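Here is the file structure_11.cif (mmCIF, C-alpha atoms, pLDDT in the B column; chains and numbers go by the auth columns).
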```
data_data
loop_
_atom_site.group_PDB
_atom_site.id
_atom_site.type_symbol
_atom_site.label_atom_id
_atom_site.label_comp_id
_atom_site.label_asym_id
_atom_site.label_seq_id
_atom_site.Cartn_x
_atom_site.Cartn_y
_atom_site.Cartn_z
_atom_site.B_iso_or_equiv
_atom_site.auth_seq_id
_atom_site.auth_asym_id
ATOM 1 C CA MET A 1 99.110 68.824 119.740 39.00 1 U
ATOM 2 C CA PRO A 2 102.925 68.700 119.399 42.00 2 U
ATOM 3 C CA ALA A 3 104.646 72.044 118.877 40.00 3 U
ATOM 4 C CA ILE A 4 105.853 71.144 115.381 41.00 4 U
ATOM 5 C CA TYR A 5 102.272 70.534 114.218 37.00 5 U
ATOM 6 C CA ARG A 6 101.095 73.838 115.686 36.00 6 U
ATOM 7 C CA PHE A 7 103.970 75.565 113.878 38.00 7 U
ATOM 8 C CA CYS A 8 103.123 73.885 110.557 37.00 8 U
ATOM 9 C CA LEU A 9 99.432 74.654 110.959 36.00 9 U
ATOM 10 C CA LYS A 10 100.260 78.309 111.611 39.00 10 U
ATOM 11 C CA MET A 11 102.451 78.396 108.487 39.00 11 U
ATOM 12 C CA ILE A 12 99.653 76.895 106.385 38.00 12 U
ATOM 13 C CA THR A 13 96.959 79.274 107.611 40.00 13 U
ATOM 14 C CA PHE A 14 99.150 82.370 107.437 47.00 14 U
ATOM 15 C CA ALA A 15 100.788 83.046 104.100 57.00 15 U
ATOM 16 C CA ALA A 16 102.281 86.510 103.782 76.00 16 U
ATOM 17 C CA MET A 17 102.297 88.175 100.397 87.00 17 U
ATOM 18 C CA ASN A 18 105.589 88.120 98.556 93.00 18 U
ATOM 19 C CA VAL A 19 106.814 90.900 96.290 96.00 19 U
ATOM 20 C CA GLU A 20 105.347 89.322 93.147 96.00 20 U
ATOM 21 C CA ASP A 21 101.920 88.864 94.762 96.00 21 U
ATOM 22 C CA LEU A 22 101.974 92.423 96.049 97.00 22 U
ATOM 23 C CA ARG A 23 102.985 93.826 92.671 98.00 23 U
ATOM 24 C CA ASP A 24 100.388 91.731 90.824 97.00 24 U
ATOM 25 C CA PHE A 25 97.645 92.854 93.181 98.00 25 U
ATOM 26 C CA CYS A 26 98.528 96.542 92.853 98.00 26 U
ATOM 27 C CA LEU A 27 98.538 96.286 89.061 98.00 27 U
ATOM 28 C CA SER A 28 95.272 94.333 88.994 98.00 28 U
ATOM 29 C CA ILE A 29 93.210 97.147 90.517 98.00 29 U
ATOM 30 C CA ASP A 30 93.072 99.227 87.322 97.00 30 U
ATOM 31 C CA LYS A 31 94.585 98.885 83.848 97.00 31 U
ATOM 32 C CA ALA A 32 95.693 102.534 84.038 96.00 32 U
ATOM 33 C CA ILE A 33 98.049 101.884 86.967 98.00 33 U
ATOM 34 C CA GLU A 34 101.709 102.475 86.240 98.00 34 U
ATOM 35 C CA GLU A 35 104.769 101.401 88.190 98.00 35 U
ATOM 36 C CA GLY A 36 108.302 102.665 88.385 97.00 36 U
ATOM 37 C CA PHE A 37 111.492 103.171 90.368 97.00 37 U
ATOM 38 C CA PRO A 38 111.597 106.986 90.600 97.00 38 U
ATOM 39 C CA PHE A 39 114.066 107.089 93.489 95.00 39 U
ATOM 40 C CA ALA A 40 116.806 105.067 91.764 94.00 40 U
ATOM 41 C CA LYS A 41 119.181 108.034 91.718 94.00 41 U
ATOM 42 C CA PHE A 42 119.029 108.389 95.518 93.00 42 U
ATOM 43 C CA PRO A 43 121.087 106.199 97.869 91.00 43 U
ATOM 44 C CA GLY A 44 118.828 103.447 99.206 88.00 44 U
ATOM 45 C CA GLY A 45 116.031 104.370 96.824 93.00 45 U
ATOM 46 C CA GLU A 46 117.011 102.165 93.902 95.00 46 U
ATOM 47 C CA ASN A 47 114.774 99.318 95.121 96.00 47 U
ATOM 48 C CA VAL A 48 111.669 101.367 95.956 97.00 48 U
ATOM 49 C CA LEU A 49 108.846 100.393 93.636 98.00 49 U
ATOM 50 C CA VAL A 50 106.066 102.973 93.294 98.00 50 U
ATOM 51 C CA PHE A 51 102.546 102.526 91.917 98.00 51 U
ATOM 52 C CA TYR A 52 100.745 105.461 90.302 98.00 52 U
ATOM 53 C CA ILE A 53 97.305 106.306 89.066 97.00 53 U
ATOM 54 C CA SER A 54 97.116 109.389 86.808 94.00 54 U
ATOM 55 C CA GLY A 55 100.670 110.309 87.807 95.00 55 U
ATOM 56 C CA SER A 56 100.020 110.257 91.584 97.00 56 U
ATOM 57 C CA MET A 57 101.470 107.710 93.989 97.00 57 U
ATOM 58 C CA PHE A 58 99.170 105.426 95.949 98.00 58 U
ATOM 59 C CA ALA A 59 101.598 102.715 97.117 98.00 59 U
ATOM 60 C CA TYR A 60 105.331 102.218 97.445 98.00 60 U
ATOM 61 C CA PHE A 61 107.715 99.741 99.035 97.00 61 U
ATOM 62 C CA ASN A 62 111.244 98.396 98.918 97.00 62 U
ATOM 63 C CA ILE A 63 111.151 95.240 96.807 97.00 63 U
ATOM 64 C CA ASN A 64 113.788 93.654 99.060 95.00 64 U
ATOM 65 C CA ASP A 65 112.035 94.502 102.334 95.00 65 U
ATOM 66 C CA LEU A 66 108.261 94.260 102.596 96.00 66 U
ATOM 67 C CA SER A 67 108.220 95.244 106.256 95.00 67 U
ATOM 68 C CA CYS A 68 106.887 98.682 105.306 96.00 68 U
ATOM 69 C CA VAL A 69 104.430 99.034 102.442 98.00 69 U
ATOM 70 C CA SER A 70 103.415 102.696 102.416 98.00 70 U
ATOM 71 C CA LEU A 71 99.815 103.535 101.484 98.00 71 U
ATOM 72 C CA LYS A 72 97.597 106.605 101.442 98.00 72 U
ATOM 73 C CA CYS A 73 94.904 106.612 104.099 98.00 73 U
ATOM 74 C CA GLN A 74 92.170 108.921 105.351 98.00 74 U
ATOM 75 C CA PRO A 75 93.625 110.925 108.271 98.00 75 U
ATOM 76 C CA GLU A 76 90.637 110.110 110.490 98.00 76 U
ATOM 77 C CA ARG A 77 91.243 106.346 110.086 98.00 77 U
ATOM 78 C CA ILE A 78 94.974 106.248 110.794 98.00 78 U
ATOM 79 C CA ALA A 79 94.931 106.249 114.621 97.00 79 U
ATOM 80 C CA GLY A 80 92.356 103.446 114.730 97.00 80 U
ATOM 81 C CA LEU A 81 94.333 101.309 112.292 98.00 81 U
ATOM 82 C CA VAL A 82 97.613 101.846 114.146 97.00 82 U
ATOM 83 C CA ASP A 83 95.953 101.043 117.481 97.00 83 U
ATOM 84 C CA GLY A 84 94.051 98.053 116.105 97.00 84 U
ATOM 85 C CA TYR A 85 96.754 96.231 114.165 97.00 85 U
ATOM 86 C CA PRO A 86 100.314 95.606 115.394 96.00 86 U
ATOM 87 C CA TYR A 87 101.613 95.474 111.820 97.00 87 U
ATOM 88 C CA ILE A 88 100.364 98.973 110.883 98.00 88 U
ATOM 89 C CA GLY A 89 102.448 102.003 111.774 97.00 89 U
ATOM 90 C CA LEU A 90 104.352 104.896 110.271 96.00 90 U
ATOM 91 C CA PRO A 91 105.025 105.034 106.537 96.00 91 U
ATOM 92 C CA TYR A 92 108.501 104.953 105.087 92.00 92 U
ATOM 93 C CA ASN A 93 109.433 108.545 104.281 89.00 93 U
ATOM 94 C CA GLY A 94 105.853 109.742 103.902 92.00 94 U
ATOM 95 C CA ASN A 95 103.707 112.236 105.766 95.00 95 U
ATOM 96 C CA PRO A 96 102.142 110.253 108.656 96.00 96 U
ATOM 97 C CA LYS A 97 99.086 112.493 108.485 97.00 97 U
ATOM 98 C CA TYR A 98 98.144 110.977 105.115 97.00 98 U
ATOM 99 C CA TRP A 99 100.168 107.752 104.830 98.00 99 U
ATOM 100 C CA ILE A 100 100.461 104.499 106.791 98.00 100 U
ATOM 101 C CA GLY A 101 103.075 101.762 106.727 98.00 101 U
ATOM 102 C CA ILE A 102 102.077 98.106 106.770 97.00 102 U
ATOM 103 C CA ASP A 103 104.349 95.154 107.442 97.00 103 U
ATOM 104 C CA ALA A 104 103.302 92.897 104.549 96.00 104 U
ATOM 105 C CA LEU A 105 105.263 90.030 106.084 95.00 105 U
ATOM 106 C CA GLN A 106 102.923 89.988 109.084 95.00 106 U
ATOM 107 C CA ALA A 107 99.710 91.548 107.800 96.00 107 U
ATOM 108 C CA ASP A 108 96.578 89.623 107.007 94.00 108 U
ATOM 109 C CA ASP A 109 96.329 89.484 103.200 95.00 109 U
ATOM 110 C CA ALA A 110 92.678 90.537 103.150 95.00 110 U
ATOM 111 C CA ILE A 111 93.378 93.641 105.244 96.00 111 U
ATOM 112 C CA LEU A 112 96.449 94.503 103.196 97.00 112 U
ATOM 113 C CA LYS A 113 94.482 94.205 99.945 97.00 113 U
ATOM 114 C CA ARG A 114 91.623 96.277 101.366 98.00 114 U
ATOM 115 C CA LEU A 115 94.023 99.035 102.418 98.00 115 U
ATOM 116 C CA ILE A 116 95.821 99.010 99.060 98.00 116 U
ATOM 117 C CA THR A 117 92.463 99.351 97.309 98.00 117 U
ATOM 118 C CA ASN A 118 91.483 102.116 99.715 98.00 118 U
ATOM 119 C CA SER A 119 94.730 103.956 98.938 98.00 119 U
ATOM 120 C CA TYR A 120 94.092 103.633 95.212 98.00 120 U
ATOM 121 C CA ASN A 121 90.530 104.935 95.659 98.00 121 U
ATOM 122 C CA ILE A 122 91.704 107.978 97.635 97.00 122 U
ATOM 123 C CA VAL A 123 94.198 108.979 94.956 97.00 123 U
ATOM 124 C CA ALA A 124 91.901 108.186 92.027 96.00 124 U
ATOM 125 C CA LEU A 125 89.115 110.272 93.570 93.00 125 U
ATOM 126 C CA GLN A 126 91.507 113.185 94.233 87.00 126 U
ATOM 127 C CA ASN A 127 92.675 113.064 90.619 79.00 127 U
ATOM 128 C CA LYS A 128 89.093 112.908 89.343 73.00 128 U
ATOM 129 C CA SER A 129 88.182 115.951 91.473 66.00 129 U
ATOM 130 C CA LYS A 130 91.156 117.887 90.079 66.00 130 U
ATOM 131 C CA LYS A 131 90.106 117.121 86.495 60.00 131 U
ATOM 132 C CA ILE A 132 86.535 118.251 87.144 59.00 132 U
ATOM 133 C CA LYS A 133 87.729 121.574 88.626 57.00 133 U
ATOM 134 C CA SER A 134 90.022 122.335 85.689 53.00 134 U
#
```
Will you turn the file into structure tokens for me?
Amino acid sequence: MPAIYRFCLKMITFAAMNVEDLRDFCLSIDKAIEEGFPFAKFPGGENVLVFYISGSMFAYFNINDLSCVSLKCQPERIAGLVDGYPYIGLPYNGNPKYWIGIDALQADDAILKRLITNSYNIVALQNKSKKIKS
């Protein structure tokens, strides 16, 4: 197969999420999800879009650079994910014990969506536990 056909085939089978797709997916998880730009007053933070459930962050990324979508993750899963996927690594400005960074430009959409949903579930469960205790 000529190289140009292999290239085109790869482009057809691999379609990275764009910022609109990523935003739409995050908002589709739950009607209670809110979004905002809370870091706008900080240099370099004006383009960081954050998604919240019950006032707690579960995902954030720079809308102009999807090479690091930061998501909450169970600490015991992080090493395996980082070792298993070349597009998963450190979060942007988050505690690497509880957060991962995913290059949405290279990540498999299904894995990215699964990890976003996982992040949402972690935060939603934490918030539910806090409400029960109070």
Practice task
Go through U:Val48, U:Ile111, U:Ala59, U:Leu81 one by one, measure the shortest atom-to-atom distance of each to U:Ile33 using all atoms listed in the file, and give the residue with the smallest value.
Solution key: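 Once distances to U:Ile33 are computed over all atoms listed in the file, the minimum belongs to U:Ala59.
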Problem - Pick from U:Ser67, U:Gln74, U:Asn62, U:Asn18, whichever lies nearest to U:Asn121 using all atoms listed in the file - result: U:Gln74
Practice task
Using the chain letters and residue numbers of this document, give as number ranges by chain the residues selected by the PyMOL selection byres ((chain U and resi 82-93) around 8).
Solution key: U: 68-71, 78-81, 94-96, 99-104, 106-107
Determine the residue membership of the PyMOL selection byres ((chain U and resi 116) around 9) for the file above and supply it as a PDB file with C-alpha atoms, keeping the file's coordinate frame.
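Saved the output as selection34.pdb:
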```pdb
ATOM      1  CA  PHE U  25      97.645  92.854  93.181  1.00 98.00           C
ATOM      2  CA  CYS U  26      98.528  96.542  92.853  1.00 98.00           C
ATOM      3  CA  PHE U  58      99.170 105.426  95.949  1.00 98.00           C
ATOM      4  CA  ALA U  59     101.598 102.715  97.117  1.00 98.00           C
ATOM      5  CA  LEU U  71      99.815 103.535 101.484  1.00 98.00           C
ATOM      6  CA  LYS U  72      97.597 106.605 101.442  1.00 98.00           C
ATOM      7  CA  ILE U 111      93.378  93.641 105.244  1.00 96.00           C
ATOM      8  CA  LEU U 112      96.449  94.503 103.196  1.00 97.00           C
ATOM      9  CA  LYS U 113      94.482  94.205  99.945  1.00 97.00           C
ATOM     10  CA  ARG U 114      91.623  96.277 101.366  1.00 98.00           C
ATOM     11  CA  LEU U 115      94.023  99.035 102.418  1.00 98.00           C
ATOM     12  CA  THR U 117      92.463  99.351  97.309  1.00 98.00           C
ATOM     13  CA  ASN U 118      91.483 102.116  99.715  1.00 98.00           C
ATOM     14  CA  SER U 119      94.730 103.956  98.938  1.00 98.00           C
ATOM     15  CA  TYR U 120      94.092 103.633  95.212  1.00 98.00           C
ATOM     16  CA  ASN U 121      90.530 104.935  95.659  1.00 98.00           C
TER      17      ASN U 121
END
```
Practice task
Kindly give the distance, in Å, that separates atom CA of U:Asp30 and atom CA of U:Ala124, rounded to a single decimal.
Solution key: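 One can read the atom CA of U:Asp30 to atom CA of U:Ala124 distance as 10.2 Å.
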Exercise for the section: Give me, please, the distance in Å between atom CA of U:Tyr98 and atom CA of U:Glu35, quoted to one decimal. Expected result: 20.5 Å
Handout entry: Computed interatomic separation between atom CA of U:Ile63 and atom CA of U:Leu49 (Å)
Key =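 Spanning atom CA of U:Ile63 to atom CA of U:Leu49 is a straight-line distance of 6.5 Å.
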Exercise for the section: Considering only C-alpha atoms, state which residue in the set U:Glu76, U:Asp65, U:Glu34, U:Glu20 is at the smallest distance from U:Leu105. Expected result: U:Asp65
Handout entry: U:Val50 surroundings by all atoms listed in the file, 7 Å radius, close-in-sequence under 3 positions cut, as a list in words
Key =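 Here the answer would be Glu35, Gly36, Phe37, Met57, Ala59, Tyr60 and Phe61 of chain U.
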Exercise for the section: Go through U:Val19, U:Ile29, U:Leu125, U:Ala110 and flag the residue nearest U:Asn47, using all atoms listed in the file for the distances. Expected result: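 Nearest to U:Asn47: U:Val19.
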Could you rebuild stretch 77-95 of chain U with N, CA and C atoms and give me the result as a PDB file, in the coordinates of the input?
```pdb
ATOM      1  N   ARG U  77      91.171 107.802 109.876  1.00 98.00           N
ATOM      2  CA  ARG U  77      91.243 106.346 110.086  1.00 98.00           C
ATOM      3  C   ARG U  77      92.586 105.880 110.633  1.00 98.00           C
ATOM      4  N   ILE U  78      93.612 106.694 110.505  1.00 98.00           N
ATOM      5  CA  ILE U  78      94.974 106.248 110.794  1.00 98.00           C
ATOM      6  C   ILE U  78      95.154 105.806 112.240  1.00 98.00           C
ATOM      7  N   ALA U  79      94.732 106.602 113.205  1.00 97.00           N
ATOM      8  CA  ALA U  79      94.931 106.249 114.621  1.00 97.00           C
ATOM      9  C   ALA U  79      94.269 104.920 114.958  1.00 97.00           C
ATOM     10  N   GLY U  80      93.062 104.696 114.468  1.00 97.00           N
ATOM     11  CA  GLY U  80      92.356 103.446 114.730  1.00 97.00           C
ATOM     12  C   GLY U  80      93.068 102.240 114.133  1.00 97.00           C
ATOM     13  N   LEU U  81      93.600 102.399 112.930  1.00 98.00           N
ATOM     14  CA  LEU U  81      94.333 101.309 112.292  1.00 98.00           C
ATOM     15  C   LEU U  81      95.621 101.000 113.040  1.00 98.00           C
ATOM     16  N   VAL U  82      96.351 102.038 113.414  1.00 97.00           N
ATOM     17  CA  VAL U  82      97.613 101.846 114.146  1.00 97.00           C
ATOM     18  C   VAL U  82      97.353 101.189 115.500  1.00 97.00           C
ATOM     19  N   ASP U  83      96.297 101.631 116.185  1.00 97.00           N
ATOM     20  CA  ASP U  83      95.953 101.043 117.481  1.00 97.00           C
ATOM     21  C   ASP U  83      95.416  99.617 117.348  1.00 97.00           C
ATOM     22  N   GLY U  84      94.726  99.333 116.260  1.00 97.00           N
ATOM     23  CA  GLY U  84      94.051  98.053 116.105  1.00 97.00           C
ATOM     24  C   GLY U  84      94.880  96.928 115.522  1.00 97.00           C
ATOM     25  N   TYR U  85      95.959  97.256 114.836  1.00 97.00           N
ATOM     26  CA  TYR U  85      96.754  96.231 114.165  1.00 97.00           C
ATOM     27  C   TYR U  85      98.244  96.443 114.472  1.00 97.00           C
ATOM     28  N   PRO U  86      98.897  95.447 115.034  1.00 96.00           N
ATOM     29  CA  PRO U  86     100.314  95.606 115.394  1.00 96.00           C
ATOM     30  C   PRO U  86     101.247  95.747 114.192  1.00 96.00           C
ATOM     31  N   TYR U  87     100.780  95.394 113.010  1.00 97.00           N
ATOM     32  CA  TYR U  87     101.613  95.474 111.820  1.00 97.00           C
ATOM     33  C   TYR U  87     101.370  96.753 111.009  1.00 97.00           C
ATOM     34  N   ILE U  88     100.588  97.682 111.549  1.00 98.00           N
ATOM     35  CA  ILE U  88     100.364  98.973 110.883  1.00 98.00           C
ATOM     36  C   ILE U  88     100.996 100.075 111.722  1.00 98.00           C
ATOM     37  N   GLY U  89     101.773 100.923 111.069  1.00 97.00           N
ATOM     38  CA  GLY U  89     102.448 102.003 111.774  1.00 97.00           C
ATOM     39  C   GLY U  89     102.781 103.145 110.824  1.00 97.00           C
ATOM     40  N   LEU U  90     103.916 103.752 111.068  1.00 96.00           N
ATOM     41  CA  LEU U  90     104.352 104.896 110.271  1.00 96.00           C
ATOM     42  C   LEU U  90     104.790 104.470 108.874  1.00 96.00           C
ATOM     43  N   PRO U  91     104.574 105.331 107.899  1.00 96.00           N
ATOM     44  CA  PRO U  91     105.025 105.034 106.537  1.00 96.00           C
ATOM     45  C   PRO U  91     106.530 105.231 106.433  1.00 96.00           C
ATOM     46  N   TYR U  92     107.099 104.698 105.374  1.00 92.00           N
ATOM     47  CA  TYR U  92     108.501 104.953 105.087  1.00 92.00           C
ATOM     48  C   TYR U  92     108.583 106.268 104.317  1.00 92.00           C
ATOM     49  N   ASN U  93     109.164 107.269 104.941  1.00 89.00           N
ATOM     50  CA  ASN U  93     109.433 108.545 104.281  1.00 89.00           C
ATOM     51  C   ASN U  93     108.181 109.189 103.664  1.00 89.00           C
ATOM     52  N   GLY U  94     107.085 109.109 104.365  1.00 92.00           N
ATOM     53  CA  GLY U  94     105.853 109.742 103.902  1.00 92.00           C
ATOM     54  C   GLY U  94     105.236 110.524 105.048  1.00 92.00           C
ATOM     55  N   ASN U  95     104.370 111.435 104.746  1.00 95.00           N
ATOM     56  CA  ASN U  95     103.707 112.236 105.766  1.00 95.00           C
ATOM     57  C   ASN U  95     102.744 111.350 106.558  1.00 95.00           C
TER      58      ASN U  95
END
```
